[in-house]
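Undergrad: Following this line is start_27.cif, made up of mmCIF, C-alpha atoms and all ligand atoms:
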data_final
loop_
_atom_site.label_atom_id
_atom_site.label_comp_id
_atom_site.auth_asym_id
_atom_site.auth_seq_id
_atom_site.Cartn_x
_atom_site.Cartn_y
_atom_site.Cartn_z
CA ALA A 254 123.18 55.58 101.95
CA PRO A 255 126.31 55.38 104.10
CA VAL A 256 128.93 58.04 103.48
CA GLU A 257 131.95 56.58 101.66
CA LYS A 258 135.58 57.63 101.97
CA GLY A 259 136.14 57.47 98.22
CA ASN A 260 139.80 57.95 97.38
CA TYR A 261 140.63 59.40 100.74
CA ARG A 262 142.44 57.54 103.45
CA HIS A 263 140.32 58.93 106.26
CA TYR A 264 136.95 60.62 106.64
CA MET A 265 138.69 63.54 108.28
CA GLN A 266 140.88 64.02 105.22
CA LYS A 267 137.86 63.84 102.93
CA GLU A 268 135.98 66.33 105.07
CA ILE A 269 138.91 68.76 105.08
CA PHE A 270 138.96 68.63 101.29
CA GLU A 271 135.19 69.13 101.02
CA GLN A 272 135.42 72.56 102.61
CA PRO A 273 135.40 74.71 99.47
CA ILE A 274 132.21 73.02 98.30
CA VAL A 275 130.32 72.89 101.58
CA VAL A 276 131.23 76.46 102.49
CA ALA A 277 129.96 77.58 99.07
CA GLN A 278 126.83 75.51 99.64
CA THR A 279 126.30 77.07 103.06
CA LEU A 280 126.89 80.61 101.80
CA GLN A 281 124.11 80.20 99.25
CA THR A 282 121.61 80.47 102.10
CA TYR A 283 123.22 83.57 103.58
CA VAL A 284 124.35 85.82 100.73
CA ARG A 285 122.73 87.17 97.59
CA PRO A 286 125.80 87.79 95.48
CA PHE A 287 124.01 89.63 92.65
CA GLU A 288 122.22 91.99 95.00
CA GLY A 289 125.31 92.33 97.20
CA GLU A 290 123.21 91.49 100.23
CA VAL A 291 123.54 89.24 103.24
CA ALA A 292 120.37 87.36 104.20
CA LEU A 293 119.02 85.16 106.97
CA PRO A 294 116.31 82.50 106.93
CA ASP A 295 112.88 83.85 107.90
CA ALA A 296 112.18 83.99 111.60
CA ASP A 297 109.94 85.84 113.98
CA LEU A 298 112.79 87.81 115.47
CA ASP A 299 113.70 91.49 115.15
CA LEU A 300 117.48 91.81 115.08
CA ALA A 301 117.21 95.60 115.46
CA LYS A 302 116.01 95.00 119.03
CA VAL A 303 118.98 92.83 120.00
CA ASP A 304 121.18 94.72 122.48
CA ARG A 305 123.26 91.83 123.77
CA VAL A 306 124.34 88.47 122.42
CA THR A 307 125.29 85.49 124.58
CA ILE A 308 127.18 82.76 122.74
CA VAL A 309 127.38 79.23 124.14
CA ALA A 310 128.99 76.11 122.65
CA CYS A 311 131.54 73.33 123.29
CA GLY A 312 134.77 72.21 121.67
CA THR A 313 135.48 73.34 118.15
CA SER A 314 132.04 74.97 117.94
CA PHE A 315 133.05 77.15 120.90
CA TYR A 316 136.04 78.42 118.90
CA ALA A 317 133.72 79.37 116.05
CA GLY A 318 131.80 81.32 118.68
CA LEU A 319 134.97 83.13 119.79
CA VAL A 320 135.50 84.34 116.21
CA ALA A 321 131.86 85.43 116.08
CA LYS A 322 132.40 87.59 119.16
CA TYR A 323 135.10 89.54 117.34
CA TRP A 324 132.87 89.94 114.27
CA ILE A 325 129.63 90.85 116.04
CA GLU A 326 131.30 93.46 118.23
CA GLN A 327 133.34 94.87 115.33
CA PHE A 328 130.51 95.10 112.79
CA ALA A 329 127.32 95.46 114.82
CA ARG A 330 128.78 97.10 117.96
CA VAL A 331 126.56 94.82 120.05
CA PRO A 332 128.23 93.47 123.22
CA VAL A 333 128.84 89.72 123.24
CA ASP A 334 129.29 87.33 126.15
CA ILE A 335 130.66 83.91 125.47
CA ASP A 336 130.95 80.76 127.54
CA VAL A 337 131.56 77.08 127.17
CA ALA A 338 128.24 75.39 127.83
CA SER A 339 129.36 73.46 130.91
CA GLU A 340 130.28 76.74 132.65
CA PHE A 341 127.29 78.73 131.42
CA ARG A 342 124.80 76.24 132.85
CA TYR A 343 125.92 76.57 136.42
CA ARG A 344 127.36 80.05 136.84
CA GLN A 345 124.04 81.94 137.07
CA PRO A 346 124.73 84.26 134.13
CA VAL A 347 122.94 87.61 134.11
CA LEU A 348 120.53 87.55 131.16
CA GLU A 349 118.34 90.57 130.47
CA PRO A 350 114.98 89.59 128.93
CA GLY A 351 115.01 90.07 125.18
CA GLY A 352 118.68 89.22 124.68
CA LEU A 353 119.75 86.91 121.91
CA ALA A 354 121.35 83.63 123.00
CA LEU A 355 123.32 81.95 120.21
CA PHE A 356 124.14 78.24 120.37
CA ILE A 357 126.61 76.65 117.98
CA SER A 358 126.76 72.89 117.49
CA GLN A 359 127.59 70.50 114.70
CA SER A 360 125.38 67.73 116.08
CA GLY A 361 122.68 69.82 117.75
CA GLU A 362 122.70 67.20 120.53
CA THR A 363 125.62 68.05 122.82
CA ALA A 364 124.11 67.65 126.29
CA ASP A 365 125.70 70.70 127.91
CA THR A 366 124.84 72.99 125.01
CA LEU A 367 121.26 71.75 124.87
CA ALA A 368 120.81 72.25 128.61
CA ALA A 369 122.28 75.75 128.29
CA LEU A 370 119.79 76.50 125.52
CA ARG A 371 116.89 75.47 127.72
CA HIS A 372 118.25 77.54 130.57
CA ALA A 373 118.51 80.59 128.30
CA ARG A 374 114.96 80.09 127.09
CA ASP A 375 113.74 79.94 130.69
CA GLU A 376 115.49 83.27 131.18
CA GLN A 377 113.48 84.85 128.33
CA GLN A 378 116.26 84.86 125.77
CA ARG A 379 115.50 84.56 122.08
CA ILE A 380 117.24 81.45 120.78
CA ALA A 381 119.41 81.35 117.66
CA VAL A 382 121.05 78.07 116.72
CA VAL A 383 123.84 77.35 114.22
CA VAL A 384 123.59 73.63 113.64
CA ASN A 385 124.63 71.06 111.03
CA VAL A 386 121.94 68.46 111.73
CA PRO A 387 118.59 70.04 110.80
CA THR A 388 116.55 67.37 112.60
CA SER A 389 118.46 67.74 115.88
CA SER A 390 117.03 68.77 119.25
CA MET A 391 118.65 72.20 119.11
CA ALA A 392 117.30 72.84 115.63
CA ARG A 393 113.79 72.06 116.84
CA GLU A 394 114.04 74.42 119.79
CA ALA A 395 115.37 77.47 117.91
CA ASP A 396 113.56 80.74 117.25
CA LEU A 397 116.13 81.50 114.57
CA LEU A 398 117.53 78.38 112.88
CA LEU A 399 120.78 78.97 111.04
CA PRO A 400 121.75 75.72 109.34
CA THR A 401 125.23 74.87 108.11
CA HIS A 402 125.18 72.76 104.97
CA ALA A 403 128.37 70.78 105.63
CA GLY A 404 126.72 67.41 105.04
CA PRO A 405 127.29 64.50 107.43
CA GLU A 406 130.56 64.79 109.35
CA ILE A 407 131.97 61.37 110.28
CA GLY A 408 135.47 62.14 111.59
CA VAL A 409 135.25 62.73 115.34
CA ALA A 410 137.41 65.84 115.08
CA SER A 411 135.25 68.55 113.52
CA THR A 412 136.58 70.24 110.39
CA LYS A 413 134.11 71.13 107.65
CA ALA A 414 131.30 71.85 110.12
CA PHE A 415 133.62 74.43 111.71
CA THR A 416 134.37 76.44 108.57
CA CYS A 417 130.67 76.33 107.65
CA GLN A 418 129.83 77.66 111.12
CA LEU A 419 132.26 80.53 110.52
CA ALA A 420 130.59 81.34 107.19
CA VAL A 421 127.16 81.47 108.84
CA LEU A 422 128.44 83.52 111.76
CA ALA A 423 130.06 86.10 109.47
CA ALA A 424 126.74 86.48 107.69
CA LEU A 425 124.89 86.71 111.00
CA ALA A 426 127.25 89.46 112.20
CA ALA A 427 126.67 91.40 108.98
CA ASN A 428 122.89 90.96 109.22
CA LEU A 429 122.92 92.17 112.79
CA ALA A 430 125.08 95.14 111.81
CA ARG A 431 122.63 96.06 109.05
CA ALA A 432 119.64 95.73 111.38
CA LYS A 433 121.39 97.99 113.90
CA GLY A 434 122.08 100.63 111.23
CA ARG A 435 125.82 99.99 111.44
CA LEU A 436 126.43 98.76 107.92
CA SER A 437 126.49 101.00 104.88
CA ARG A 438 125.43 99.67 101.50
CA GLU A 439 129.08 99.76 100.36
CA GLU A 440 130.24 97.83 103.42
CA GLU A 441 127.59 95.19 102.87
CA ILE A 442 128.58 94.79 99.21
CA ASP A 443 132.20 94.43 100.35
CA ILE A 444 131.39 91.78 102.96
CA VAL A 445 129.41 89.77 100.42
CA ALA A 446 132.28 89.99 97.93
CA HIS A 447 134.80 88.78 100.52
CA LEU A 448 132.58 85.92 101.67
CA GLN A 449 132.17 84.90 98.05
CA GLU A 450 135.97 84.70 97.77
CA ALA A 451 136.13 82.11 100.56
CA PRO A 452 135.59 78.89 98.56
CA ALA A 453 138.37 79.70 96.06
CA ALA A 454 140.66 80.77 98.90
CA LEU A 455 139.95 77.50 100.75
CA ASN A 456 140.84 75.68 97.58
CA ALA A 457 144.10 77.56 97.28
CA ALA A 458 144.87 76.73 100.93
CA LEU A 459 144.25 73.03 100.24
CA GLY A 460 146.71 73.30 97.35
CA HIS A 461 149.46 73.39 99.99
CA ASP A 462 148.57 69.97 101.37
CA ASP A 463 151.77 68.41 99.98
CA ASP A 464 153.98 71.07 101.59
CA ILE A 465 152.29 70.49 104.92
CA ALA A 466 152.60 66.71 104.61
CA ALA A 467 156.30 67.20 103.83
CA MET A 468 157.00 69.23 106.99
CA ALA A 469 154.80 67.28 109.42
CA TYR A 470 157.85 65.23 110.48
CA LEU A 471 159.18 68.38 112.16
CA ILE A 472 156.22 68.36 114.55
CA ALA A 473 155.60 64.63 115.05
CA PRO A 474 158.44 64.08 117.58
CA ALA A 475 157.47 67.05 119.76
CA ARG A 476 156.04 66.56 123.22
CA ASP A 477 154.54 70.04 123.38
CA VAL A 478 153.53 72.49 120.67
CA LEU A 479 152.45 76.12 121.02
CA TYR A 480 150.09 77.92 118.62
CA LEU A 481 149.93 81.71 118.52
CA GLY A 482 147.45 84.04 116.83
CA ARG A 483 145.83 87.44 117.30
CA GLY A 484 142.37 88.92 116.92
CA PRO A 485 139.93 86.72 114.99
CA ASP A 486 142.86 84.44 114.19
CA TYR A 487 143.57 83.79 117.87
CA PRO A 488 140.75 81.21 117.96
CA MET A 489 142.53 79.48 115.05
CA ALA A 490 145.50 79.02 117.38
CA LEU A 491 143.14 77.41 119.90
CA GLU A 492 141.58 75.26 117.20
CA GLY A 493 144.98 74.23 115.81
CA ALA A 494 146.09 73.13 119.27
CA LEU A 495 142.82 71.27 119.87
CA LYS A 496 143.06 69.42 116.55
CA LEU A 497 146.64 68.36 117.29
CA LYS A 498 145.74 67.14 120.79
CA GLU A 499 142.67 65.28 119.59
CA ILE A 500 144.18 63.24 116.81
CA SER A 501 147.96 63.11 117.35
CA TYR A 502 147.92 63.04 121.19
CA ILE A 503 150.63 65.69 121.33
CA HIS A 504 150.15 68.24 124.07
CA ALA A 505 149.44 71.59 122.47
CA GLU A 506 148.27 75.00 123.63
CA GLY A 507 146.82 77.92 121.76
CA TYR A 508 147.66 81.37 123.04
CA ALA A 509 146.84 84.92 122.14
CA ALA A 510 150.19 86.02 120.69
CA GLY A 511 150.43 89.04 122.97
CA GLU A 512 149.71 86.97 126.07
CA MET A 513 152.63 84.63 125.52
CA LYS A 514 155.00 86.83 127.49
CA HIS A 515 152.79 86.29 130.55
CA GLY A 516 153.63 82.64 130.93
CA PRO A 517 154.13 80.30 128.02
CA ILE A 518 157.30 82.06 126.90
CA ALA A 519 158.93 80.24 129.84
CA LEU A 520 158.40 76.99 127.91
CA ILE A 521 160.24 78.09 124.81
CA ASP A 522 163.26 76.06 123.83
CA GLU A 523 164.32 74.21 120.69
CA ALA A 524 162.13 71.23 121.65
CA VAL A 525 158.83 73.16 121.59
CA PRO A 526 157.74 74.07 118.06
CA VAL A 527 155.72 77.29 117.87
CA ILE A 528 153.13 77.58 115.12
CA VAL A 529 152.45 81.24 114.33
CA ILE A 530 149.24 82.13 112.50
CA ALA A 531 149.84 85.54 110.95
CA PRO A 532 147.96 86.58 107.82
CA SER A 533 148.90 89.96 106.34
CA GLY A 534 146.61 92.60 107.72
CA PRO A 535 146.24 95.07 110.54
CA LEU A 536 147.61 92.72 113.23
CA PHE A 537 150.50 91.23 111.25
CA GLU A 538 153.31 93.40 112.66
CA LYS A 539 152.16 92.80 116.23
CA THR A 540 152.05 89.03 115.80
CA VAL A 541 155.45 89.04 114.12
CA SER A 542 156.99 90.96 116.98
CA ASN A 543 155.68 88.25 119.36
CA MET A 544 157.20 85.69 117.00
CA GLN A 545 160.58 87.46 117.23
CA GLU A 546 160.41 87.12 121.01
CA VAL A 547 160.15 83.36 120.50
CA ARG A 548 163.03 83.35 118.06
CA ALA A 549 165.24 85.37 120.39
CA ARG A 550 164.85 82.53 122.90
CA GLY A 551 165.88 79.83 120.48
CA GLY A 552 162.33 78.77 119.61
CA LYS A 553 161.63 76.81 116.42
CA ILE A 554 158.93 78.56 114.43
CA VAL A 555 156.49 77.46 111.78
CA LEU A 556 155.06 80.61 110.22
CA ILE A 557 151.68 80.33 108.50
CA SER A 558 151.14 83.43 106.40
CA ASP A 559 150.71 84.63 102.82
CA ALA A 560 153.55 85.27 100.35
CA LYS A 561 153.82 88.89 101.49
CA GLY A 562 154.00 87.91 105.18
CA ILE A 563 156.49 85.14 104.52
CA ALA A 564 158.70 87.47 102.46
CA GLU A 565 158.67 89.94 105.33
CA ALA A 566 159.08 87.62 108.31
CA GLY A 567 159.82 84.08 107.12
CA GLU A 568 163.59 84.27 107.42
CA GLY A 569 164.97 82.13 110.19
CA CYS A 570 161.79 80.10 110.63
CA MET A 571 162.06 76.31 110.83
CA ALA A 572 159.33 76.12 108.17
CA THR A 573 156.74 78.30 106.51
CA ILE A 574 153.29 77.40 105.19
CA GLU A 575 151.98 79.68 102.47
CA MET A 576 148.35 80.69 102.31
CA PRO A 577 146.65 82.77 99.63
CA GLU A 578 146.44 86.48 100.40
CA VAL A 579 142.92 87.06 101.68
CA HIS A 580 140.81 89.78 103.25
CA PRO A 581 141.01 89.67 107.09
CA LEU A 582 137.29 88.79 107.27
CA ILE A 583 137.81 85.39 105.70
CA ALA A 584 141.27 84.71 107.15
CA PRO A 585 139.87 82.57 110.01
CA LEU A 586 138.15 80.26 107.51
CA VAL A 587 141.22 79.99 105.29
CA TYR A 588 143.72 79.54 108.15
CA ALA A 589 141.60 76.76 109.64
CA VAL A 590 142.78 74.61 106.71
CA PRO A 591 146.55 74.52 107.40
CA VAL A 592 146.06 73.78 111.11
CA GLN A 593 143.65 70.96 110.25
CA LEU A 594 146.05 69.54 107.67
CA LEU A 595 149.05 69.83 109.97
CA ALA A 596 147.25 67.91 112.73
CA TYR A 597 146.10 65.37 110.18
CA HIS A 598 149.55 64.68 108.72
CA VAL A 599 151.22 64.54 112.13
CA ALA A 600 148.59 62.02 113.25
CA VAL A 601 149.14 59.92 110.12
CA LEU A 602 152.89 59.93 110.80
CA LYS A 603 152.25 58.82 114.36
CA GLY A 604 149.84 56.13 113.20
CA THR A 605 146.95 57.11 115.45
CA ASP A 606 143.30 56.37 114.72
CA VAL A 607 142.53 59.64 112.97
CA ASP A 608 138.77 59.22 112.57
CA GLN A 609 138.15 57.65 115.99
CA PRO A 610 140.71 59.07 118.41
CA ARG A 611 140.90 57.37 121.78
CA ASN A 612 138.57 58.58 124.55
CA LEU A 613 136.67 61.00 122.28
CA ALA A 614 133.13 60.87 120.94
CA LYS A 615 131.61 62.57 117.93
CA SER A 616 128.77 63.90 119.97
CA VAL A 617 128.79 64.09 123.76
CA THR A 618 125.15 63.52 124.71
CA VAL A 619 125.80 62.95 128.41
CA GLU A 620 126.96 65.56 130.86
C1 LIG A 701 132.87 66.58 120.71
C2 LIG A 701 133.55 66.40 119.36
C3 LIG A 701 134.12 67.75 118.89
C4 LIG A 701 133.05 68.82 118.89
C5 LIG A 701 132.35 68.92 120.25
C6 LIG A 701 131.11 69.80 120.19
O1 LIG A 701 133.84 66.84 121.69
O2 LIG A 701 134.58 65.45 119.44
O3 LIG A 701 134.68 67.63 117.58
O4 LIG A 701 133.59 70.06 118.54
O5 LIG A 701 131.92 67.63 120.69
O6 LIG A 701 130.15 69.16 119.40
P1 LIG A 701 128.95 69.88 118.71
O7 LIG A 701 128.20 68.78 117.98
O8 LIG A 701 128.10 70.48 119.80
O9 LIG A 701 129.50 70.91 117.80
#
Would you mind writing the file's structure down as structure tokens?
TA:
Amino acid sequence: APVEKGNYRHYMQKEIFEQPIVVAQTLQTYVRPFEGEVALPDADLDLAKVDRVTIVACGTSFYAGLVAKYWIEQFARVPVDIDVASEFRYRQPVLEPGGLALFISQSGETADTLAALRHARDEQQRIAVVVNVPTSSMAREADLLLPTHAGPEIGVASTKAFTCQLAVLAALAANLARAKGRLSREEEIDIVAHLQEAPAALNAALGHDDDIAAMAYLIAPARDVLYLGRGPDYPMALEGALKLKEISYIHAEGYAAGEMKHGPIALIDEAVPVIVIAPSGPLFEKTVSNMQEVRARGGKIVLISDAKGIAEAGEGCMATIEMPEVHPLIAPLVYAVPVQLLAYHVAVLKGTDVDQPRNLAKSVTVE
């Protein structure tokens, strides 16, 4: 049966709002909440023997991979390389036999990612695949198949597949950490508890849809927009910028907050809104000090944080977007929502074709 839009105006909007349910659905495969355990589907692959992980993907799936790098290195202490597929294919990467190559793709058909997978297999890598289409080419060629259960994604700009990828990747990082003897029982129980909090937190984030719709007019006239984030939330800055480019056709760039002073700060004036992604947590003060550098130069800031962060740093911002207070592990999932919604509402204001943006394809099956 064809997927219907129901009461939503666009598929993308519907898919954004499905996230609490599809993330919960996806987590069911990867956590055992009563046992307090993370789990992976059966595969003939010994994670304890994995000494290096190579992540390859394109587009939004690549940003999920960037978050996974932070998680895998933090939890499992296994070194991670990451590349966009079009670079990986042709740069002659050094791959030691026995390494784990991890491919992330909504469609499982992206030509560059599929070619990279085949190259990695030829180089004796074990192949793990995070994919939303279980019948896809990549799914068929995996040693370890890690499905996302986002359901069919129709909007060209990926949303719900992305947060489901993050859920799977968090569980993979925890599984790898356990296999490597890096995860205590207490830590595992904690990770499971935080992952289980994600659907409700996504729901709470979606509860701010009206606020975001009401401030989208501040961004719609801009020619350029900057997104800043740190640590595992830095890829959310990249994703926020990508979403805005894709569907509203506004030029946007995501930057690591601390890197801004090495270039993009030269762009700051009152015409360039700066979206700052800064959940409370270990990196909050650092991100806020980068935000103050923007303010000192007359920059107009939209701060996305929780009530605590907004109370501390919201003064003087052009706008604030409040998120629920969440554990840093699930912050990337939760903070994906406001950047998706902001891009969506700006695009609606501009009257673009949200579900079928010009020049873009849902799945790029040619090189
Ligand atoms: C296209 C889509 C993006 C997607 C990317 C990777 O560019 O427009 O939304 O992130 O392909 O697709 P994949 O199916 O491999 O995740």
Undergrad: At a cut-off of 9 Å and counting all atoms listed in the file, what residues surround ligand LIG 701 (chain A)? Please answer as a ChimeraX atom specification.
TA: /A:310-316,356-367,384-386,408-412,414-415,496,499,610,613-618
Undergrad: List as a Markdown table every residue of range 580-613 of chain A that is in contact with range 418-424 of chain A, defined as an atom at most 10 Å from one of its atoms (using only C-alpha atoms), together with the nearest atom pair and the distance in Å rounded to one decimal, sorted by chain and then rising number.
TA:
| residue | atom | partner | partner_atom | distance |
| --- | --- | --- | --- | --- |
| A:Leu582 | CA | A:Ala423 | CA | 8.0 |
| A:Ile583 | CA | A:Ala420 | CA | 8.4 |
| A:Pro585 | CA | A:Leu419 | CA | 7.9 |
| A:Leu586 | CA | A:Leu419 | CA | 6.6 |
Undergrad: Counting only C-alpha atoms, which of A:Phe341, A:Tyr588, A:Tyr470, A:Trp324 gets nearest to Ala457 in chain A?
TA: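 Nearest candidate to Ala457 in chain A out of A:Phe341, A:Tyr588, A:Tyr470, A:Trp324: A:Tyr588.
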Undergrad: Residues proximal to (151.3, 93.0, 115.0) were defined as those with any atom within 12 Å of that point in the file's coordinates, counting only C-alpha atoms. Which are they, as number ranges by chain?
TA: A: 481-484, 509-511, 529-545, 562, 566
Undergrad: List the residues sitting within 12 Å of (132.4, 93.2, 121.9) in the file's frame, using all atoms listed in the file, as a ChimeraX atom specification.
TA: /A:304-308,319-335,426,484
Undergrad: Considering only C-alpha atoms, return as number ranges by chain whatever protein or nucleic-acid residues lie within 9 Å of Val284 in chain A, sequence-local ones (same chain, fewer than 2 positions apart) excluded.
TA: A: 280-282, 286-293, 424, 445, 448-449
Undergrad: By how many Å are CA of Arg438 in chain A and CA of Asn456 in chain A apart?
TA: 28.8 Å
